[in-house]
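This is start_30.txt. It holds compact mmCIF, C-alpha atoms.
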# COMPACT_ATOMS: atom_id res chain seq x y z
CA MET A 1000 -294.95 24.32 10.36
CA GLU A 1001 -294.22 25.17 6.71
CA ILE A 1002 -290.52 24.42 6.49
CA PRO A 1003 -289.88 25.69 2.93
CA SER A 1004 -291.18 29.16 3.81
CA LEU A 1005 -289.38 29.29 7.18
CA CYS A 1006 -286.05 28.41 5.52
CA ASN A 1007 -285.96 31.87 3.97
CA VAL A 1008 -286.89 34.11 6.90
CA SER A 1009 -284.73 36.17 9.22
CA TYR A 1010 -283.62 35.26 12.71
CA ASP A 1011 -285.66 38.07 14.24
CA TYR A 1012 -288.80 36.73 12.59
CA LEU A 1013 -288.16 33.21 13.92
CA ILE A 1014 -287.75 34.28 17.53
CA ASP A 1015 -290.72 36.68 17.44
CA ASP A 1016 -293.46 35.75 19.93
CA ALA A 1017 -296.14 35.85 17.24
CA THR A 1018 -294.19 33.35 15.09
CA LEU A 1019 -293.70 31.04 18.05
CA ARG A 1020 -297.43 31.14 18.94
CA GLU A 1021 -298.39 30.55 15.32
CA ASN A 1022 -296.20 27.45 15.16
CA ARG A 1023 -297.16 26.32 18.69
CA TYR A 1024 -293.71 26.59 20.26
CA ASN A 1025 -292.95 27.83 23.74
CA SER A 1026 -289.16 27.96 23.33
CA ALA A 1027 -287.41 30.03 20.68
CA SER A 1028 -284.29 27.82 20.84
CA SER A 1029 -286.31 24.65 20.15
CA PHE A 1030 -288.11 26.30 17.27
CA VAL A 1031 -284.92 27.63 15.69
CA TYR A 1032 -283.28 24.21 16.08
CA ASP A 1033 -286.17 22.46 14.31
CA VAL A 1034 -286.14 25.00 11.48
CA ALA A 1035 -282.39 24.70 10.90
CA TYR A 1036 -282.43 20.88 11.12
CA ASP A 1037 -285.48 20.36 8.92
CA CYS A 1038 -284.29 22.81 6.26
CA TYR A 1039 -281.02 20.93 5.94
CA SER A 1040 -282.28 17.35 6.33
CA ARG A 1041 -285.39 17.68 4.14
CA ASN A 1042 -284.36 20.28 1.58
CA SER A 1043 -280.54 20.15 1.76
CA VAL A 1044 -280.36 23.90 2.27
CA CYS A 1045 -279.06 26.01 5.12
CA ALA A 1046 -281.65 28.21 6.80
CA TYR A 1047 -281.37 31.86 5.76
CA TYR A 1048 -281.10 33.06 9.34
CA LEU A 1049 -277.70 31.33 9.71
CA TYR A 1050 -276.21 33.88 7.31
CA GLU A 1051 -277.16 36.65 9.74
CA LEU A 1052 -275.21 35.20 12.66
CA THR A 1053 -271.51 35.55 13.47
CA GLY A 1054 -268.91 34.33 15.95
CA GLU A 1055 -269.76 31.87 18.68
CA THR A 1056 -273.47 32.36 18.11
CA LEU A 1057 -273.08 31.08 14.56
CA ILE A 1058 -270.97 28.11 15.73
CA ASP A 1059 -273.64 27.20 18.29
CA HIS A 1060 -276.37 27.22 15.65
CA LEU A 1061 -274.28 25.37 13.07
CA GLN A 1062 -274.16 22.42 15.43
CA TYR A 1063 -277.84 21.95 14.68
CA ILE A 1064 -276.89 20.70 11.20
CA MET A 1065 -273.17 19.81 11.48
CA PRO A 1066 -271.55 16.84 13.20
CA PRO A 1067 -270.04 17.64 16.62
CA GLN A 1068 -266.89 19.74 16.52
CA HIS A 1069 -265.54 17.23 18.99
CA TYR A 1070 -266.94 14.47 21.14
CA ALA A 1071 -266.98 14.48 24.92
CA TYR A 1072 -263.53 15.29 26.30
CA ALA A 1073 -263.71 12.15 28.44
CA GLN A 1074 -263.51 10.21 25.13
CA VAL A 1075 -261.35 12.62 23.16
CA ILE A 1076 -258.46 13.19 25.59
CA PRO A 1077 -257.53 9.48 26.10
CA PHE A 1078 -257.78 8.87 22.34
CA VAL A 1079 -255.70 11.94 21.41
CA THR A 1080 -253.11 11.15 24.10
CA LEU A 1081 -252.73 7.58 22.88
CA VAL A 1082 -252.41 8.60 19.21
CA ALA A 1083 -249.89 11.34 20.07
CA LEU A 1084 -247.83 8.89 22.16
CA LEU A 1085 -247.85 6.30 19.38
CA CYS A 1086 -246.76 8.93 16.87
CA LEU A 1087 -243.92 10.12 19.09
CA VAL A 1088 -242.61 6.61 19.78
CA GLY A 1089 -243.10 5.58 16.15
CA ILE A 1090 -241.29 8.60 14.70
CA ILE A 1091 -238.27 8.04 16.96
CA GLY A 1092 -238.29 4.26 16.40
CA ASN A 1093 -238.57 4.42 12.61
CA LEU A 1094 -235.93 7.14 12.31
CA LEU A 1095 -233.52 5.04 14.38
CA THR A 1096 -234.37 1.97 12.29
CA ILE A 1097 -233.51 3.78 9.06
CA VAL A 1098 -230.24 5.09 10.52
CA VAL A 1099 -229.21 1.70 11.93
CA ILE A 1100 -229.91 -0.23 8.73
CA LEU A 1101 -228.31 2.33 6.41
CA ARG A 1102 -225.17 2.56 8.58
CA ASN A 1103 -224.68 -1.21 8.75
CA ARG A 1104 -223.99 -3.27 5.67
CA ILE A 1105 -224.45 -6.37 7.78
CA LEU A 1106 -228.20 -5.77 7.40
CA GLN A 1107 -228.67 -6.69 3.75
CA THR A 1108 -231.19 -7.40 1.01
CA THR A 1109 -234.52 -7.71 2.81
CA SER A 1110 -233.49 -4.74 4.92
CA ASN A 1111 -234.08 -2.62 1.81
CA TYR A 1112 -237.74 -3.47 2.24
CA LEU A 1113 -237.55 -2.82 5.99
CA VAL A 1114 -236.09 0.65 5.36
CA ASN A 1115 -238.87 1.30 2.87
CA MET A 1116 -241.50 0.18 5.39
CA ALA A 1117 -239.93 2.38 8.07
CA PHE A 1118 -240.01 5.36 5.70
CA SER A 1119 -243.65 4.64 4.80
CA ASP A 1120 -244.60 4.40 8.49
CA LEU A 1121 -242.68 7.60 9.17
CA LEU A 1122 -244.74 9.47 6.56
CA ILE A 1123 -247.98 8.26 8.12
CA LEU A 1124 -246.89 9.26 11.61
CA LEU A 1125 -245.42 12.64 10.66
CA LEU A 1126 -248.00 13.89 8.17
CA THR A 1127 -251.27 12.29 9.27
CA GLY A 1128 -250.75 11.84 13.03
CA PRO A 1129 -250.81 15.57 13.93
CA MET A 1130 -253.82 16.11 11.63
CA GLU A 1131 -255.67 13.22 13.27
CA VAL A 1132 -255.10 14.78 16.70
CA ALA A 1133 -256.13 18.25 15.48
CA TYR A 1134 -259.21 16.89 13.72
CA GLU A 1135 -260.31 14.99 16.81
CA LEU A 1136 -260.05 18.15 18.91
CA LYS A 1137 -261.80 20.32 16.32
CA ALA A 1138 -263.42 18.65 13.32
CA TRP A 1139 -264.61 21.86 11.69
CA PRO A 1140 -264.02 24.34 10.28
CA TRP A 1141 -261.16 22.71 8.35
CA THR A 1142 -258.28 25.20 8.39
CA TYR A 1143 -255.38 23.02 7.24
CA THR A 1144 -255.57 23.80 3.49
CA ARG A 1145 -257.14 21.86 0.67
CA PHE A 1146 -253.87 20.08 -0.17
CA MET A 1147 -253.46 18.70 3.36
CA CYS A 1148 -257.05 17.49 3.29
CA ARG A 1149 -256.37 15.45 0.18
CA LEU A 1150 -252.91 14.39 1.33
CA ARG A 1151 -254.30 12.98 4.58
CA TYR A 1152 -256.48 10.43 2.79
CA PHE A 1153 -254.07 9.80 -0.08
CA LEU A 1154 -251.04 9.21 2.14
CA ILE A 1155 -252.73 6.69 4.41
CA GLU A 1156 -253.87 4.72 1.36
CA ALA A 1157 -250.56 4.91 -0.53
CA CYS A 1158 -248.49 3.99 2.53
CA THR A 1159 -250.82 1.08 3.34
CA PHE A 1160 -250.39 -0.29 -0.18
CA THR A 1161 -246.63 0.27 0.04
CA SER A 1162 -246.39 -1.68 3.29
CA ILE A 1163 -248.46 -4.66 2.15
CA LEU A 1164 -246.54 -4.86 -1.14
CA ASN A 1165 -243.24 -4.62 0.76
CA ILE A 1166 -244.29 -7.49 3.00
CA THR A 1167 -245.39 -9.51 -0.03
CA SER A 1168 -242.06 -8.79 -1.76
CA PHE A 1169 -239.78 -9.80 1.09
CA THR A 1170 -241.94 -12.85 1.80
CA THR A 1171 -241.61 -13.91 -1.85
CA GLU A 1172 -237.86 -13.32 -1.62
CA ARG A 1173 -237.59 -15.49 1.51
CA TYR A 1174 -239.66 -18.18 -0.21
CA ILE A 1175 -237.33 -18.24 -3.23
CA ALA A 1176 -234.16 -18.12 -1.08
CA ILE A 1177 -235.23 -20.99 1.18
CA CYS A 1178 -237.44 -23.18 -0.99
CA HIS A 1179 -235.63 -22.62 -4.31
CA PRO A 1180 -232.04 -21.72 -3.33
CA ILE A 1181 -230.64 -22.54 -6.79
CA LYS A 1182 -232.77 -19.76 -8.27
CA ALA A 1183 -232.00 -17.31 -5.48
CA LYS A 1184 -228.81 -16.06 -7.09
CA SER A 1185 -230.77 -14.97 -10.17
CA TYR A 1186 -233.82 -13.54 -8.44
CA VAL A 1187 -232.55 -12.10 -5.15
CA SER A 1188 -230.24 -9.11 -5.36
CA HIS A 1189 -229.80 -5.61 -3.99
CA SER A 1190 -230.41 -3.94 -7.35
CA ARG A 1191 -233.56 -5.95 -7.99
CA ALA A 1192 -234.88 -5.03 -4.53
CA ILE A 1193 -234.34 -1.32 -5.26
CA LYS A 1194 -236.20 -1.61 -8.58
CA ILE A 1195 -239.08 -3.40 -6.87
CA ILE A 1196 -239.27 -0.70 -4.17
CA VAL A 1197 -239.38 2.08 -6.78
CA PHE A 1198 -242.13 0.22 -8.64
CA ILE A 1199 -244.07 -0.28 -5.40
CA TRP A 1200 -244.12 3.46 -4.66
CA ILE A 1201 -245.14 4.38 -8.21
CA PHE A 1202 -247.85 1.73 -8.30
CA SER A 1203 -249.18 2.59 -4.82
CA SER A 1204 -249.32 6.30 -5.65
CA CYS A 1205 -251.18 5.70 -8.91
CA VAL A 1206 -253.69 3.33 -7.31
CA SER A 1207 -254.34 5.84 -4.49
CA LEU A 1208 -255.10 8.75 -6.86
CA PRO A 1209 -258.91 8.34 -6.61
CA LEU A 1210 -258.68 9.38 -2.95
CA PHE A 1211 -256.57 12.42 -3.77
CA LEU A 1212 -259.08 13.47 -6.45
CA GLY A 1213 -262.27 12.42 -4.67
CA VAL A 1214 -261.68 14.10 -1.31
CA ASP A 1215 -261.86 17.88 -1.07
CA THR A 1216 -262.69 20.80 1.17
CA PHE A 1217 -266.13 22.36 0.77
CA GLU A 1218 -268.58 24.54 2.63
CA VAL A 1219 -271.66 22.76 3.95
CA CYS A 1220 -273.40 26.14 3.84
CA PRO A 1221 -272.10 28.03 0.79
CA GLU A 1222 -270.37 31.32 1.65
CA ILE A 1223 -270.11 30.45 5.35
CA PRO A 1224 -266.40 29.66 5.91
CA GLU A 1225 -267.14 28.27 9.38
CA THR A 1226 -268.83 25.27 7.70
CA THR A 1227 -265.71 24.21 5.77
CA VAL A 1228 -265.08 20.48 6.11
CA CYS A 1229 -262.78 17.88 4.56
CA GLY A 1230 -264.64 15.01 2.95
CA TYR A 1231 -266.57 13.85 -0.12
CA PRO A 1232 -268.00 16.92 -1.90
CA ASP A 1233 -270.89 15.06 -3.54
CA ALA A 1234 -272.71 11.73 -3.70
CA TYR A 1235 -270.90 10.68 -6.88
CA TRP A 1236 -267.46 10.72 -5.32
CA GLU A 1237 -268.77 9.12 -2.14
CA THR A 1238 -270.05 6.18 -4.21
CA VAL A 1239 -266.78 5.94 -6.15
CA ILE A 1240 -264.67 5.95 -2.98
CA ASP A 1241 -266.88 3.39 -1.25
CA ARG A 1242 -266.44 1.01 -4.20
CA PHE A 1243 -262.74 1.80 -4.26
CA TYR A 1244 -262.48 0.74 -0.60
CA ILE A 1245 -264.00 -2.65 -1.42
CA ALA A 1246 -261.66 -3.18 -4.37
CA SER A 1247 -258.55 -2.06 -2.48
CA ALA A 1248 -259.36 -4.21 0.55
CA THR A 1249 -259.84 -7.26 -1.68
CA LEU A 1250 -256.99 -6.83 -4.15
CA LEU A 1251 -254.41 -5.10 -1.97
CA PHE A 1252 -255.03 -6.59 1.46
CA PHE A 1253 -256.94 -9.87 1.61
CA ILE A 1254 -255.40 -11.49 -1.50
CA PRO A 1255 -251.78 -10.49 -0.60
CA MET A 1256 -252.29 -11.75 2.97
CA ILE A 1257 -253.53 -15.09 1.65
CA LEU A 1258 -250.42 -15.35 -0.58
CA ILE A 1259 -248.17 -14.39 2.34
CA THR A 1260 -249.78 -17.07 4.51
CA ILE A 1261 -249.22 -19.68 1.79
CA PHE A 1262 -245.57 -18.69 1.32
CA TYR A 1263 -244.78 -18.83 5.04
CA SER A 1264 -246.47 -22.23 5.27
CA LEU A 1265 -244.23 -23.54 2.49
CA ILE A 1266 -241.17 -21.97 4.11
CA ALA A 1267 -242.05 -23.61 7.45
CA ARG A 1268 -242.30 -27.02 5.75
CA VAL A 1269 -238.73 -26.66 4.52
CA LEU A 1270 -237.15 -25.10 7.61
CA TYR A 1271 -238.77 -27.46 10.08
CA GLY A 1272 -238.49 -30.57 7.90
CA PHE A 1273 -241.88 -32.02 7.10
CA ASN A 1274 -240.53 -34.72 4.76
CA VAL A 1275 -239.59 -32.15 2.16
CA GLU A 1276 -236.39 -32.37 0.18
CA VAL A 1277 -234.90 -29.11 -1.07
CA VAL A 1278 -231.74 -28.82 -3.13
CA VAL A 1279 -229.41 -26.57 -1.14
CA ARG A 1280 -226.55 -24.70 -2.75
CA ARG A 1281 -223.21 -24.87 -0.93
CA ASN A 1282 -220.10 -22.79 -1.42
CA SER A 1283 -217.77 -25.75 -0.96
CA ARG A 1284 -217.86 -29.52 -1.29
CA ARG A 1285 -219.06 -31.54 1.62
CA ALA A 1286 -215.78 -32.97 2.77
CA ARG A 1287 -215.53 -35.18 5.81
CA ASN A 1288 -212.46 -35.79 7.88
CA ARG A 1289 -211.19 -39.20 8.92
CA ASN A 1290 -213.62 -39.23 11.87
CA GLY A 1291 -216.54 -38.74 9.52
CA VAL A 1292 -217.26 -35.23 10.77
CA ASN A 1293 -218.16 -32.53 8.28
CA PRO A 1294 -216.15 -29.37 9.13
CA ASN A 1295 -218.88 -27.20 7.60
CA ASP A 1296 -221.69 -28.62 9.75
CA LYS A 1297 -221.25 -26.05 12.48
CA LYS A 1298 -221.37 -23.18 9.99
CA GLU A 1299 -224.37 -24.66 8.19
CA ASN A 1300 -226.25 -25.14 11.45
CA SER A 1301 -225.57 -21.50 12.30
CA VAL A 1302 -226.87 -20.41 8.90
CA GLU A 1303 -229.97 -22.58 9.31
CA LYS A 1304 -230.64 -21.16 12.76
CA SER A 1305 -230.21 -17.63 11.42
CA ARG A 1306 -232.66 -18.35 8.62
CA LYS A 1307 -235.27 -19.62 11.04
CA GLN A 1308 -234.87 -16.56 13.23
CA ILE A 1309 -235.21 -14.23 10.23
CA VAL A 1310 -238.33 -15.98 8.98
CA LYS A 1311 -239.88 -15.85 12.47
CA MET A 1312 -239.26 -12.11 12.64
CA LEU A 1313 -240.60 -11.38 9.15
CA ALA A 1314 -243.63 -13.62 9.74
CA LEU A 1315 -244.32 -11.75 12.98
CA VAL A 1316 -244.05 -8.41 11.15
CA ALA A 1317 -246.55 -9.65 8.55
CA GLY A 1318 -248.88 -11.03 11.23
CA CYS A 1319 -248.87 -7.80 13.24
CA PHE A 1320 -249.52 -5.79 10.08
CA ALA A 1321 -252.51 -7.98 9.21
CA ALA A 1322 -253.92 -7.81 12.75
CA CYS A 1323 -253.56 -4.02 12.92
CA TRP A 1324 -254.96 -3.20 9.48
CA LEU A 1325 -257.77 -5.77 9.27
CA PRO A 1326 -260.19 -3.71 11.45
CA PHE A 1327 -259.38 -0.58 9.42
CA HIS A 1328 -260.37 -2.24 6.13
CA ILE A 1329 -263.47 -3.85 7.62
CA ILE A 1330 -264.64 -0.56 9.12
CA ARG A 1331 -264.33 1.16 5.73
CA ILE A 1332 -266.41 -1.38 3.83
CA ILE A 1333 -269.15 -1.88 6.44
CA PRO A 1334 -271.19 1.18 5.26
CA ASN A 1335 -271.49 -0.45 1.81
CA PHE A 1336 -273.55 -3.24 3.31
CA VAL A 1337 -275.10 -1.71 6.44
CA ASP A 1338 -276.75 1.70 6.74
CA ILE A 1339 -275.03 3.01 9.87
CA LYS A 1340 -277.36 6.00 10.12
CA LEU A 1341 -280.49 3.88 10.56
CA SER A 1342 -279.77 3.34 14.25
CA GLU A 1343 -278.36 5.91 16.66
CA THR A 1344 -276.90 3.11 18.77
CA LEU A 1345 -275.24 1.51 15.75
CA SER A 1346 -273.90 4.88 14.64
CA THR A 1347 -272.47 5.54 18.11
CA ILE A 1348 -270.76 2.13 18.24
CA TYR A 1349 -269.36 2.61 14.74
CA TYR A 1350 -267.93 6.12 15.14
CA ASP A 1351 -267.15 6.25 18.87
CA VAL A 1352 -265.75 2.74 19.32
CA LEU A 1353 -264.94 0.80 16.15
CA TYR A 1354 -263.57 3.74 14.15
CA LYS A 1355 -261.34 4.93 16.99
CA VAL A 1356 -260.05 1.41 17.67
CA SER A 1357 -259.15 1.01 13.98
CA ILE A 1358 -257.26 4.34 14.00
CA VAL A 1359 -255.30 3.38 17.12
CA LEU A 1360 -254.39 0.02 15.57
CA MET A 1361 -253.33 1.78 12.37
CA TYR A 1362 -250.84 3.96 14.25
CA THR A 1363 -249.78 0.95 16.32
CA SER A 1364 -248.84 -0.82 13.09
CA ALA A 1365 -246.68 2.15 12.10
CA THR A 1366 -244.97 2.10 15.51
CA ILE A 1367 -244.44 -1.53 16.40
CA ASN A 1368 -241.96 -2.75 13.74
CA PRO A 1369 -238.79 -1.23 15.29
CA ILE A 1370 -239.75 -2.90 18.57
CA LEU A 1371 -240.17 -6.26 16.82
CA TYR A 1372 -236.77 -5.94 15.12
CA ASN A 1373 -235.07 -5.37 18.48
CA ILE A 1374 -236.90 -8.24 20.14
CA MET A 1375 -236.48 -10.80 17.35
CA SER A 1376 -233.12 -9.97 15.78
CA ALA A 1377 -229.82 -10.24 17.68
CA ARG A 1378 -227.97 -8.70 14.74
CA PHE A 1379 -230.26 -5.70 14.70
CA ARG A 1380 -229.78 -5.24 18.45
CA GLN A 1381 -226.02 -5.42 17.99
CA ALA A 1382 -226.08 -2.88 15.17
CA PHE A 1383 -228.42 -0.65 17.18
CA LYS A 1384 -226.08 -0.64 20.17
CA LYS A 1385 -223.06 0.18 18.02
CA THR A 1386 -224.80 2.89 15.99
CA ILE A 1387 -227.04 4.60 18.52
CA LEU A 1388 -225.70 3.71 21.94
CA CYS A 1389 -222.03 3.64 20.85
CA GLN A 1390 -221.16 0.73 23.08
CA GLU A 1391 -217.44 0.64 22.21
CA GLU A 1392 -214.46 2.91 22.55
CA ARG A 1393 -215.42 6.51 21.92
CA ALA A 1394 -212.92 7.19 19.10
CA VAL A 1395 -213.68 3.96 17.27
CA CYS A 1396 -217.41 4.53 17.68
CA PHE A 1397 -217.14 8.07 16.35
CA ARG A 1398 -215.30 7.00 13.21
CA TRP A 1399 -217.60 4.01 12.69
CA PHE A 1400 -220.82 6.01 13.11
CA TRP A 1401 -219.78 8.64 10.57
CA GLY A 1402 -218.90 6.10 7.96
CA ASP A 1403 -215.28 4.99 8.36
CA LYS A 1404 -215.05 2.12 5.85
CA HIS A 1405 -212.25 0.35 7.73
CA GLU A 1406 -214.31 0.14 10.92
CA ARG A 1407 -217.38 -1.11 9.09
CA ARG A 1408 -215.55 -3.69 7.02
CA SER A 1409 -215.41 -6.15 9.89
CA LEU A 1410 -219.17 -6.08 10.15
CA GLN A 1411 -219.80 -7.00 6.53
CA PRO A 1412 -221.16 -10.53 6.27
CA THR A 1413 -219.91 -13.32 4.08
CA CYS A 1414 -223.02 -15.24 3.18
CA THR A 1415 -224.79 -17.01 0.40
CA ALA A 1416 -227.04 -15.06 -1.93
CA GLY A 1417 -230.56 -14.73 -0.73
CA LEU A 1418 -229.71 -14.96 2.96
CA THR A 1419 -230.62 -11.82 4.81
CA TYR A 1420 -228.86 -10.90 8.03
CA VAL A 1421 -231.26 -8.86 10.09

Conversion result in structure tokens:
Amino acid sequence: MEIPSLCNVSYDYLIDDATLRENRYNSASSFVYDVAYDCYSRNSVCAYYLYELTGETLIDHLQYIMPPQHYAYAQVIPFVTLVALLCLVGIIGNLLTIVVILRNRILQTTSNYLVNMAFSDLLILLLTGPMEVAYELKAWPWTYTRFMCRLRYFLIEACTFTSILNITSFTTERYIAICHPIKAKSYVSHSRAIKIIVFIWIFSSCVSLPLFLGVDTFEVCPEIPETTVCGYPDAYWETVIDRFYIASATLLFFIPMILITIFYSLIARVLYGFNVEVVVRRNSRRARNRNGVNPNDKKENSVEKSRKQIVKMLALVAGCFAACWLPFHIIRIIPNFVDIKLSETLSTIYYDVLYKVSIVLMYTSATINPILYNIMSARFRQAFKKTILCQEERAVCFRWFWGDKHERRSLQPTCTAGLTYV
């Protein structure tokens, strides 16, 4: 079978009995499949006969050279349902988190980072979740505009960087506040946190630009709109993005997580007393009464307990983030070291199992934080009940929810700098 010559013949010629006998084929469908597949795989061209087809017939024949429009519904439906459920829960949870924190001054300092993380997760869930579901149900043709194609990849990357840098920032802040309390007044402040957050978004957006520029919509078969896909338009950009994935995973995931682990280890040494002496700043002198009892001990013990609870919650947030995003980064860099296409079994495991698990964990990461805040933080639960559930007198609740300063004043904490009430 001379493939180069058959790539340029009509559909009628291919299915003619004489052509089939000449090429020793009994089935026209098998012959047409081999022509279409070989033309594309060997010569990187679409068979001429495809340009003569339309409608469902064209779609059927395009599947000879294109990836499946969707996988078996037995796999797709559970995956889509789970992603949609995670997005729904995550959107509601992160919206409520933002409202609760912004309406309660009792949630200070580090909560700036938590609001930023909630906003970042909200963007992922709102703008990429629906596209992930739609793509899984129908991978091609891509009909969601060129901008949304680029935004899908860019936003996941930028929001990932934003989250990891947020976690690194509030971990560093906790480290300074607990291990170097004398310096906390200089380094830990609301205004500084806002500046850091603005820098994080600018930096994350700039670093993620290669994905926005490198991903595009293109037609696998030129001038056949039904072959429009969202991906890497050429081998150059595919190589650039693959190398970018390795660099981003190393510099903006593995290294920050190592630093975070070190910081929390040092914090644990101080909080749980492993023969470490730390100079602690106090607001008043340690005065003892005639019985030798320090009147501030009870308050200090409460502060210490609060600190431990905060650190536990933030460490859990960091741990869950690492656990959820680690598979995602590993999956992206595997093709740089292993040719997935060499084995059909390996390809099936990679795309049908590992890839889908990493996507589910990614959306789990964007959903789970509000749940962790409610489980780990009594203050957050209290603020949530007052703001969302209005568990107080109706009139008082109404004025408090809409911003009555007098009602909120009683909830404002009096604490030392660097201590976050969450």

Nearest to Tyr1050 (chain A): which of A:Ser1357, A:Ser1009, A:Ser1207, A:Thr1080 is it, counting all atoms listed in the file?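 Checking each of A:Ser1357, A:Ser1009, A:Ser1207, A:Thr1080 against Tyr1050 (chain A), counting all atoms listed in the file, the winner is A:Ser1009.
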
Box centre and edge lengths (Å, one decimal), axis-aligned, region 1089-1100 of chain A plus 6 Å each side, as JSON:
{"center_x": -236.2, "center_y": 4.2, "center_z": 12.8, "size_x": 25.9, "size_y": 20.8, "size_z": 20.2}

A:Cys1178, A:Leu1325, A:Lys1355, A:Tyr1235 ranked by distance to Leu1270 (chain A), top pick (using only C-alpha atoms):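 For Leu1270 (chain A), the nearest of the candidates is A:Cys1178.
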
Go ahead and compute the interatomic distance for CA of Ile1245 (chain A) and CA of Phe1169 (chain A), in Å to one decimal. 25.4 Å

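When CA of Ala1248 (chain A) is paired with CA of Asn1111 (chain A), their separation reads 25.4 Å.
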
Can you work out which one of A:Ile1374, A:Ile1155, A:Ile1259, A:Cys1006 has the shortest atom-to-atom distance to Gln1308 (chain A), counting only C-alpha atoms?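 Going through A:Ile1374, A:Ile1155, A:Ile1259, A:Cys1006 one by one, the smallest distance to Gln1308 (chain A) is for A:Ile1374.
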
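Checking A:Thr1096, A:Thr1226, A:Thr1344, A:Ser1203 one by one against Glu1156 (chain A), counting only C-alpha atoms, you find the shortest gap at A:Ser1203.
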
Using all atoms listed in the file, find the one residue out of A:Ile1339, A:Val1098, A:Leu1315, A:Val1352 that sits nearest to Met1375 (chain A).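 Using all atoms listed in the file, Met1375 (chain A) sits closest to A:Leu1315.
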
Residue with the minimum atom-to-atom distance to Ile1166 (chain A), picked from A:Ser1110, A:Thr1363, A:Ser1247, A:Ser1029 with only C-alpha atoms counted, is A:Ser1110

To one decimal place, how far is CA of Arg1331 (chain A) from CA of Leu1353 (chain A) in Å?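 Those two atoms sit 10.4 Å apart.
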
Using only C-alpha atoms - which residues lie no farther than 12 Å from the point (-279.0, 30.0, 7.9) in the file's frame? Write them as a PyMOL selection string. chain A and resi 1005-1010+1013+1031-1032+1034-1039+1043-1053+1056-1058+1060-1064+1219-1223+1226
